[in-house]
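Trainee: You'll find my_file_1.txt just under this line, and it carries compact mmCIF, C-alpha atoms and all ligand atoms.
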# COMPACT_ATOMS: atom_id res chain seq x y z
CA MET A 442 -16.42 -4.45 18.56
CA LYS A 443 -14.82 -7.10 16.40
CA PHE A 444 -14.40 -6.46 12.67
CA ILE A 445 -13.48 -8.74 9.80
CA VAL A 446 -11.82 -7.12 6.80
CA TYR A 447 -11.94 -8.83 3.41
CA CYS A 448 -9.58 -7.31 0.86
CA PHE A 449 -8.84 -7.87 -2.81
CA SER A 450 -5.70 -6.09 -3.98
CA GLY A 451 -3.51 -6.58 -7.03
CA THR A 452 -0.63 -4.19 -6.57
CA GLY A 453 -0.90 -3.35 -2.87
CA ASN A 454 -2.73 0.00 -2.73
CA THR A 455 -5.97 -1.39 -1.34
CA ARG A 456 -4.14 -3.79 0.94
CA TRP A 457 -2.17 -0.86 2.38
CA ALA A 458 -5.41 1.10 3.03
CA CYS A 459 -7.07 -1.91 4.68
CA GLU A 460 -4.00 -2.61 6.82
CA ALA A 461 -3.92 1.02 7.91
CA LEU A 462 -7.62 0.87 8.86
CA VAL A 463 -6.99 -2.33 10.85
CA LYS A 464 -4.17 -0.59 12.70
CA GLU A 465 -6.32 2.45 13.48
CA LEU A 466 -9.25 0.31 14.61
CA ALA A 467 -6.89 -1.51 16.97
CA ALA A 468 -5.58 1.82 18.26
CA ALA A 469 -9.21 2.79 18.96
CA GLY A 470 -9.63 -0.34 21.09
CA GLN A 471 -11.41 -2.44 18.45
CA GLU A 472 -10.44 -5.87 17.19
CA ALA A 473 -9.95 -6.30 13.44
CA GLU A 474 -8.75 -9.22 11.34
CA LEU A 475 -7.72 -8.88 7.71
CA TYR A 476 -8.14 -11.62 5.09
CA ALA A 477 -7.30 -11.60 1.41
CA ILE A 478 -9.93 -12.37 -1.20
CA SER A 479 -7.91 -14.73 -3.36
CA ALA A 480 -7.88 -18.14 -4.96
CA GLY A 481 -6.23 -19.54 -1.80
CA ASP A 482 -8.07 -20.84 1.26
CA PRO A 483 -11.43 -19.07 1.68
CA PRO A 484 -11.46 -16.53 4.52
CA PRO A 485 -13.61 -17.18 7.62
CA SER A 486 -17.30 -16.33 7.58
CA PRO A 487 -18.35 -13.00 9.17
CA GLN A 488 -20.47 -14.84 11.72
CA GLY A 489 -19.21 -13.99 15.20
CA PHE A 490 -18.03 -10.52 14.07
CA ASP A 491 -19.80 -7.21 14.75
CA GLY A 492 -18.89 -5.52 11.47
CA VAL A 493 -17.41 -6.21 8.04
CA LEU A 494 -15.10 -4.17 5.80
CA VAL A 495 -14.73 -5.04 2.11
CA GLY A 496 -11.71 -3.53 0.32
CA TYR A 497 -11.25 -3.45 -3.45
CA PRO A 498 -9.57 -1.43 -6.20
CA VAL A 499 -11.91 0.16 -8.76
CA HIS A 500 -11.69 -1.67 -12.09
CA ALA A 501 -13.50 0.02 -14.97
CA PHE A 502 -15.91 1.78 -12.57
CA ASN A 503 -16.78 -1.55 -10.95
CA ALA A 504 -15.59 -3.83 -8.19
CA PRO A 505 -13.34 -6.58 -9.60
CA ALA A 506 -15.06 -9.86 -10.50
CA PRO A 507 -13.46 -11.89 -7.63
CA VAL A 508 -14.94 -9.41 -5.12
CA LEU A 509 -18.47 -9.83 -6.48
CA GLN A 510 -18.01 -13.61 -6.61
CA PHE A 511 -16.79 -13.58 -3.01
CA LEU A 512 -19.71 -11.44 -1.78
CA LYS A 513 -22.11 -13.93 -3.34
CA THR A 514 -20.60 -16.69 -1.17
CA LEU A 515 -21.24 -14.83 2.11
CA PRO A 516 -23.87 -16.37 4.38
CA VAL A 517 -27.19 -14.57 4.83
CA SER A 518 -27.01 -12.19 7.79
CA GLN A 519 -29.97 -12.56 10.15
CA LYS A 520 -28.97 -9.52 12.20
CA ARG A 521 -28.21 -6.92 9.51
CA LEU A 522 -24.46 -6.99 10.07
CA PRO A 523 -23.01 -3.56 9.21
CA VAL A 524 -20.60 -3.36 6.25
CA TRP A 525 -18.24 -0.62 5.08
CA LEU A 526 -16.82 -0.55 1.55
CA VAL A 527 -13.21 0.61 1.24
CA ARG A 528 -11.91 1.32 -2.23
CA THR A 529 -8.92 2.79 -4.00
CA SER A 530 -8.75 4.15 -7.53
CA GLY A 531 -6.25 5.92 -9.73
CA GLU A 532 -8.44 8.96 -10.37
CA PRO A 533 -10.77 11.04 -8.26
CA LEU A 534 -13.69 10.66 -10.69
CA GLY A 535 -17.21 10.62 -9.25
CA LEU A 536 -17.93 7.72 -11.61
CA ASN A 537 -15.71 5.51 -9.47
CA GLU A 538 -18.43 5.67 -6.80
CA ALA A 539 -20.58 3.58 -9.15
CA SER A 540 -18.29 0.65 -8.33
CA GLY A 541 -20.23 0.29 -5.09
CA ILE A 542 -23.59 -0.30 -6.80
CA THR A 543 -23.31 -4.07 -7.30
CA PRO A 544 -21.57 -4.85 -3.97
CA LYS A 545 -24.31 -2.90 -2.17
CA ARG A 546 -27.03 -4.75 -4.06
CA ILE A 547 -25.53 -8.18 -3.28
CA LEU A 548 -24.99 -7.33 0.38
CA LYS A 549 -28.49 -5.90 0.83
CA LYS A 550 -30.03 -9.03 -0.69
CA LYS A 551 -28.12 -11.10 1.83
CA GLY A 552 -29.39 -9.10 4.78
CA TYR A 553 -26.30 -6.92 5.44
CA GLU A 554 -26.55 -3.18 6.04
CA VAL A 555 -23.95 -1.16 4.14
CA ARG A 556 -23.28 1.83 6.43
CA GLY A 557 -20.49 3.63 4.65
CA GLU A 558 -18.14 3.90 1.68
CA PHE A 559 -14.56 5.16 1.96
CA HIS A 560 -12.52 6.04 -1.09
CA TYR A 561 -8.81 6.78 -1.36
CA VAL A 562 -7.14 7.88 -4.59
CA MET A 563 -3.87 5.99 -5.02
CA PRO A 564 -1.46 5.87 -7.94
CA TYR A 565 -2.42 4.08 -11.12
CA ASN A 566 -1.14 0.55 -11.77
CA ILE A 567 -2.26 0.68 -15.40
CA ILE A 568 -2.78 3.38 -18.06
CA PHE A 569 0.04 5.68 -16.90
CA ARG A 570 2.54 6.02 -14.10
CA HIS A 571 1.96 8.82 -11.60
CA SER A 572 5.00 10.85 -10.59
CA ASP A 573 6.67 10.05 -7.25
CA GLY A 574 5.37 13.40 -5.94
CA MET A 575 1.76 12.59 -6.91
CA ALA A 576 2.08 9.13 -5.33
CA ALA A 577 3.44 10.64 -2.10
CA ARG A 578 0.65 13.23 -1.92
CA MET A 579 -2.06 10.64 -2.54
CA LYS A 580 -0.73 8.27 0.10
CA GLY A 581 -0.15 11.11 2.59
CA ASP A 582 -3.73 12.35 2.17
CA ALA A 583 -5.15 8.85 2.56
CA ALA A 584 -2.96 8.23 5.63
CA ARG A 585 -4.37 11.38 7.24
CA ALA A 586 -7.97 10.43 6.43
CA ILE A 587 -7.76 6.83 7.62
CA PRO A 588 -7.72 7.48 11.40
CA ARG A 589 -10.87 9.64 11.05
CA ASP A 590 -12.53 6.99 8.87
CA ALA A 591 -11.60 4.25 11.37
CA ALA A 592 -13.18 6.34 14.15
CA LEU A 593 -16.41 6.59 12.11
CA ILE A 594 -16.41 2.81 11.58
CA ALA A 595 -15.76 2.19 15.27
CA ALA A 596 -18.76 4.43 16.05
CA GLY A 597 -20.90 2.46 13.55
CA LYS A 598 -21.19 5.50 11.26
CA GLY A 599 -20.53 6.36 7.63
CA ALA A 600 -22.14 7.78 4.52
CA LEU A 601 -23.29 6.17 1.30
CA CYS A 602 -22.64 7.42 -2.24
CA LYS A 603 -25.59 8.22 -4.48
CA ASN A 604 -25.42 7.03 -8.08
CA GLY A 605 -27.75 8.37 -10.78
CA PRO A 606 -28.78 6.73 -14.07
CA PHE A 607 -25.67 7.89 -16.01
CA ARG A 608 -23.25 6.32 -13.53
CA ARG A 609 -25.35 3.14 -13.43
CA MET A 610 -25.35 2.88 -17.19
CA VAL A 611 -21.56 3.42 -17.56
CA SER A 612 -20.74 1.01 -14.75
CA PHE A 613 -23.12 -1.65 -16.11
CA THR A 614 -21.69 -1.34 -19.64
CA LEU A 615 -18.08 -1.57 -18.50
CA ARG A 616 -18.78 -4.67 -16.47
CA VAL A 617 -17.99 -6.37 -19.78
CA GLU A 618 -14.43 -6.31 -18.39
CA HIS A 619 -15.40 -9.22 -16.15
CA SER A 620 -16.10 -11.53 -19.07
CA ALA A 621 -13.39 -10.10 -21.35
CA MET A 622 -10.44 -10.41 -18.95
CA PRO A 623 -10.30 -14.21 -18.78
CA MET A 624 -9.83 -14.17 -22.57
CA ILE A 625 -7.43 -11.21 -22.68
CA GLY A 626 -5.45 -12.57 -19.70
CA ARG A 627 -4.84 -15.90 -21.42
CA ARG A 628 -2.84 -14.02 -24.01
CA PHE A 629 -0.48 -12.41 -21.48
CA LYS A 630 3.10 -13.49 -22.25
CA ALA A 631 6.56 -13.32 -20.74
CA THR A 632 9.15 -11.88 -23.11
CA GLU A 633 12.77 -12.98 -23.52
CA LYS A 634 13.63 -10.64 -20.58
CA CYS A 635 12.01 -13.19 -18.20
CA VAL A 636 14.52 -14.81 -15.84
CA GLY A 637 12.08 -17.39 -14.49
CA CYS A 638 12.06 -16.00 -10.92
CA GLY A 639 8.40 -17.00 -10.39
CA LYS A 640 7.40 -13.72 -8.75
CA CYS A 641 4.47 -13.22 -11.13
CA ALA A 642 3.07 -16.63 -10.15
CA SER A 643 3.52 -15.99 -6.44
CA VAL A 644 1.79 -12.58 -6.46
CA CYS A 645 -1.20 -13.52 -8.66
CA PRO A 646 -4.25 -13.45 -6.33
CA GLN A 647 -6.15 -15.64 -8.75
CA GLY A 648 -3.59 -18.48 -8.84
CA ASN A 649 -3.73 -17.97 -12.60
CA ILE A 650 -0.02 -18.37 -13.40
CA LYS A 651 1.86 -21.66 -13.49
CA MET A 652 5.59 -21.87 -13.99
CA VAL A 653 6.28 -24.38 -16.79
CA ASP A 654 9.89 -25.09 -17.76
CA GLY A 655 10.94 -21.95 -15.91
CA LYS A 656 8.48 -19.63 -17.69
CA PRO A 657 5.04 -18.36 -16.65
CA VAL A 658 1.98 -19.74 -18.39
CA PHE A 659 -1.22 -17.72 -17.98
CA GLY A 660 -4.55 -19.48 -17.40
CA LYS A 661 -8.16 -18.40 -17.84
CA ASN A 662 -8.87 -16.85 -14.43
CA CYS A 663 -7.27 -13.44 -14.89
CA ALA A 664 -9.00 -10.62 -12.99
CA ALA A 665 -6.89 -7.82 -14.52
CA CYS A 666 -5.29 -6.91 -11.19
CA MET A 667 -1.92 -6.21 -12.89
CA ALA A 668 0.17 -7.68 -10.07
CA CYS A 669 2.12 -9.85 -12.54
CA SER A 670 3.10 -7.09 -14.96
CA PHE A 671 3.45 -4.33 -12.35
CA LEU A 672 5.67 -6.34 -9.99
CA CYS A 673 7.81 -8.29 -12.49
CA PRO A 674 11.41 -7.30 -11.68
CA GLN A 675 12.34 -7.56 -15.38
CA ASP A 676 9.27 -5.78 -16.80
CA ALA A 677 8.86 -8.94 -18.85
CA VAL A 678 5.07 -9.44 -18.79
CA LYS A 679 3.26 -8.26 -21.90
CA ILE A 680 -0.43 -7.75 -21.19
CA SER A 681 -1.89 -8.44 -24.62
CA LEU A 682 -4.38 -5.80 -25.82
CA LEU A 683 -3.68 -3.67 -22.74
CA ASN A 684 0.09 -3.57 -23.29
CA GLY A 685 0.13 0.12 -24.26
CA TRP A 686 -1.19 0.88 -20.77
CA ARG A 687 1.32 -1.32 -18.92
CA VAL A 688 2.88 0.24 -15.80
CA ASN A 689 5.85 -1.54 -14.22
CA GLY A 690 7.56 -1.13 -10.86
CA ALA A 691 6.16 -0.56 -7.38
CA TYR A 692 5.88 3.04 -6.18
CA THR A 693 8.22 3.91 -3.32
CA PHE A 694 5.92 6.68 -2.00
CA GLU A 695 9.08 8.38 -0.80
CA GLY A 696 8.98 11.50 -2.98
CA VAL A 697 8.20 14.99 -1.75
CA PRO A 698 4.40 15.39 -2.09
CA ALA A 699 3.58 17.21 -5.32
CA ALA A 700 2.76 20.90 -4.88
CA ASP A 701 -0.44 22.12 -6.58
CA GLU A 702 1.49 23.33 -9.63
CA GLU A 703 3.14 19.90 -9.98
CA VAL A 704 -0.14 17.99 -10.01
CA CYS A 705 -0.30 15.97 -13.22
CA ARG A 706 -1.98 17.72 -16.10
CA TYR A 707 -4.27 14.81 -16.83
CA CYS A 708 -7.48 15.53 -14.92
CA ARG A 709 -5.64 18.25 -12.96
CA LYS A 710 -8.81 19.99 -11.78
CA SER A 711 -10.30 16.85 -10.29
CA TYR A 712 -7.06 15.82 -8.57
CA LEU A 713 -6.74 19.30 -7.07
CA ARG A 714 -10.36 19.22 -5.93
CA TYR A 715 -9.77 15.81 -4.32
CA PHE A 716 -6.54 16.89 -2.60
CA ARG A 717 -8.21 20.04 -1.21
CA LYS A 718 -11.18 18.05 0.08
CA MET A 719 -8.90 15.51 1.77
CA GLU A 720 -6.59 18.16 3.20
CA GLU A 721 -9.43 20.33 4.56
CA ARG A 722 -11.18 17.43 6.35
C1 LIG B 801 -8.08 -3.23 -14.99
C2 LIG B 801 -8.03 -1.96 -14.18
C3 LIG B 801 -9.06 -1.04 -14.29
C4 LIG B 801 -8.99 0.14 -13.54
N1 LIG B 801 -10.05 0.99 -13.64
C5 LIG B 801 -10.03 2.13 -12.93
C6 LIG B 801 -11.14 3.02 -12.98
O1 LIG B 801 -12.19 2.74 -13.58
N2 LIG B 801 -11.03 4.19 -12.30
C7 LIG B 801 -9.91 4.54 -11.61
O2 LIG B 801 -9.86 5.65 -11.07
N3 LIG B 801 -8.86 3.69 -11.48
C8 LIG B 801 -8.90 2.49 -12.14
N4 LIG B 801 -7.85 1.61 -12.00
C9 LIG B 801 -6.72 1.93 -11.11
C10 LIG B 801 -6.80 1.19 -9.77
O3 LIG B 801 -8.10 1.25 -9.24
C11 LIG B 801 -5.83 1.77 -8.75
O4 LIG B 801 -4.53 1.86 -9.23
C12 LIG B 801 -5.90 0.99 -7.44
O5 LIG B 801 -5.36 1.77 -6.40
C13 LIG B 801 -5.13 -0.32 -7.51
O6 LIG B 801 -5.28 -0.99 -6.29
P1 LIG B 801 -4.46 -2.29 -5.86
O7 LIG B 801 -3.02 -1.87 -5.80
O8 LIG B 801 -5.02 -2.63 -4.53
O9 LIG B 801 -4.72 -3.33 -6.88
C14 LIG B 801 -7.88 0.42 -12.71
C15 LIG B 801 -6.86 -0.52 -12.61
C16 LIG B 801 -6.92 -1.70 -13.33
C17 LIG B 801 -5.80 -2.68 -13.21
S1 LIG B 802 8.13 -12.15 -12.55
FE1 LIG B 802 8.91 -11.58 -14.56
S2 LIG B 802 10.99 -12.41 -14.64
FE2 LIG B 802 9.94 -13.43 -12.94
S3 LIG B 802 9.08 -15.32 -13.87
FE3 LIG B 802 7.48 -13.76 -13.99
S4 LIG B 802 7.76 -12.84 -16.02
FE4 LIG B 802 9.64 -13.96 -15.55
S1 LIG B 803 -2.62 -13.08 -14.36
FE1 LIG B 803 -1.71 -11.14 -13.72
S2 LIG B 803 -3.32 -9.59 -14.03
FE2 LIG B 803 -4.30 -11.62 -14.14
S3 LIG B 803 -5.05 -11.97 -12.05
FE3 LIG B 803 -2.99 -12.91 -12.16
S4 LIG B 803 -1.57 -11.31 -11.49
FE4 LIG B 803 -3.54 -10.33 -11.90
Just dump the structure as structure tokens.
Mentor:
Amino acid sequence: MKFIVYCFSGTGNTRWACEALVKELAAAGQEAELYAISAGDPPPSPQGFDGVLVGYPVHAFNAPAPVLQFLKTLPVSQKRLPVWLVRTSGEPLGLNEASGITPKRILKKKGYEVRGEFHYVMPYNIIFRHSDGMAARMKGDAARAIPRDAALIAAGKGALCKNGPFRRMVSFTLRVEHSAMPMIGRRFKATEKCVGCGKCASVCPQGNIKMVDGKPVFGKNCAACMACSFLCPQDAVKISLLNGWRVNGAYTFEGVPAADEEVCRYCRKSYLRYFRKMEER
């Protein structure tokens, strides 16, 4: 089988998961090609492929706006091409599963058959910074699950999440993020710590940052991915109204995985439940 993988990722967590799935599919004798969903050249159409994977980070219990926009550009599938959703999120909340509602609706309308949803909890790139131990445990658990998930995909299998009225209502309400971010993102600013290296502009998947006189200028296409502020080597990007939640600096994932008693106190029960589920699989 030949798979095409479309992936939107701001700070690399989702890209890592999609790359790992591609590697495992290849190890299982399948072909898989990965393309970024970004403002650059559009990726190839899924025609000629036997299956499609769509990777995205959960943003406010939804798929990011560029992912929904991209799905709307897909051609109609005459042969019910199977699709698997692959997502990452900072927390193991059931509400994150609601982020699949709109992608599934768009894909169904276009004749695709969503066969499965895979979800990996990865460290937050906004709100707060997870400890190195938490980051290592999350990535380790996802890395162990990915070969099994790739085998399910290769066998054409998977399971779908069920979302009741409460999840639908919360997810629908918070989709306001999609219209708010272009306005909030325009007010992002580089502080005097900026050294004009241009990294923020080069990592922005939306092509939303132009370097003008050696400083970044933010346009109106921000999708809140946080790549600019998270990856700035000087921690110089202020993210307007969201600045109190800014997290800066890539995780190394090199720490010793957090033991149960070291699991962060915020939402401890749900992280422990998630880790147990992943580690018992
Ligand atoms: C604007 C924004 C909103 C987010 N909303 C959620 C959320 O609703 N639930 C959650 O668990 N994580 C949320 N996250 C965390 C990301 O989903 C998580 O860190 C993800 O792994 C980032 O993936 P990436 O590195 O591929 O961009 C949010 C992150 C951002 C930037
Ligand atoms: S990445 Fe940071 S230091 Fe580099 S240009 Fe952007 S804001 Fe300035
Ligand atoms: S401006 Fe920053 S947060 Fe907005 S899309 Fe670009 S990199 Fe992501």
Trainee: Any residue with an atom at most 9 Å from ligand LIG 801 (chain B) counts, using all atoms listed in the file. Which are they? Put them as a compact mmCIF listing (two decimals) with C-alpha atoms, in the coordinates of the input.
Mentor:
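selection-v1.txt was written with the following content:
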# COMPACT_ATOMS: atom_id res chain seq x y z
CA CYS A 448 -9.58 -7.31 0.86
CA PHE A 449 -8.84 -7.87 -2.81
CA SER A 450 -5.70 -6.09 -3.98
CA GLY A 451 -3.51 -6.58 -7.03
CA THR A 452 -0.63 -4.19 -6.57
CA GLY A 453 -0.90 -3.35 -2.87
CA ASN A 454 -2.73 0.00 -2.73
CA THR A 455 -5.97 -1.39 -1.34
CA ARG A 456 -4.14 -3.79 0.94
CA TRP A 457 -2.17 -0.86 2.38
CA ALA A 458 -5.41 1.10 3.03
CA GLY A 496 -11.71 -3.53 0.32
CA TYR A 497 -11.25 -3.45 -3.45
CA PRO A 498 -9.57 -1.43 -6.20
CA VAL A 499 -11.91 0.16 -8.76
CA HIS A 500 -11.69 -1.67 -12.09
CA ALA A 501 -13.50 0.02 -14.97
CA PHE A 502 -15.91 1.78 -12.57
CA ASN A 503 -16.78 -1.55 -10.95
CA PRO A 505 -13.34 -6.58 -9.60
CA ARG A 528 -11.91 1.32 -2.23
CA THR A 529 -8.92 2.79 -4.00
CA SER A 530 -8.75 4.15 -7.53
CA GLY A 531 -6.25 5.92 -9.73
CA GLU A 532 -8.44 8.96 -10.37
CA PRO A 533 -10.77 11.04 -8.26
CA LEU A 534 -13.69 10.66 -10.69
CA LEU A 536 -17.93 7.72 -11.61
CA ASN A 537 -15.71 5.51 -9.47
CA SER A 540 -18.29 0.65 -8.33
CA TYR A 561 -8.81 6.78 -1.36
CA VAL A 562 -7.14 7.88 -4.59
CA MET A 563 -3.87 5.99 -5.02
CA PRO A 564 -1.46 5.87 -7.94
CA TYR A 565 -2.42 4.08 -11.12
CA ASN A 566 -1.14 0.55 -11.77
CA ILE A 567 -2.26 0.68 -15.40
CA ILE A 568 -2.78 3.38 -18.06
CA SER A 612 -20.74 1.01 -14.75
CA LEU A 615 -18.08 -1.57 -18.50
CA GLU A 618 -14.43 -6.31 -18.39
CA MET A 622 -10.44 -10.41 -18.95
CA ALA A 664 -9.00 -10.62 -12.99
CA ALA A 665 -6.89 -7.82 -14.52
CA CYS A 666 -5.29 -6.91 -11.19
CA MET A 667 -1.92 -6.21 -12.89
CA ALA A 668 0.17 -7.68 -10.07
CA LEU A 683 -3.68 -3.67 -22.74
Trainee: Hey, can you check how far atom S1 of ligand LIG 803 (chain B) sits from atom CA of A:Asn649?
Mentor: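 For atom S1 of ligand LIG 803 (chain B) relative to atom CA of A:Asn649, the distance reads 5.3 Å.
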Trainee: Give the residue list for ligand LIG 802 (chain B) at 9 Å, counting only C-alpha atoms and all ligand atoms, as JSON, numbers by chain, sorted by chain and then by residue number.
Mentor: {"A": [630, 631, 632, 633, 634, 635, 636, 637, 638, 639, 640, 641, 642, 643, 644, 650, 652, 655, 656, 657, 669, 670, 672, 673, 674, 675, 676, 677, 678, 679]}
Trainee: Around ligand LIG 803 (chain B), with edges along x, y and z and 4 Å added on all six sides, what centre and edge lengths do you get, in Å to one decimal, as lines of an AutoDock Vina configuration file?
Mentor:
center_x = -3.3
center_y = -11.3
center_z = -12.9
size_x = 11.5
size_y = 11.5
size_z = 10.9
Trainee: Select, from A:Gly597, A:Gly605, A:Pro623, A:Gly696, the residue with the minimum atom-to-atom distance to ligand LIG 803 (chain B), counting only C-alpha atoms and all ligand atoms.
Mentor: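 Checking each of A:Gly597, A:Gly605, A:Pro623, A:Gly696 against ligand LIG 803 (chain B), counting only C-alpha atoms and all ligand atoms, the winner is A:Pro623.
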Trainee: Using all atoms listed in the file, which of the listed residues (A:Ala480, A:Ala595, A:Leu548, A:Leu512) sits closest to ligand LIG 803 (chain B)?
Mentor: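 When distances to ligand LIG 803 (chain B) are compared using all atoms listed in the file, the smallest one comes from A:Ala480.
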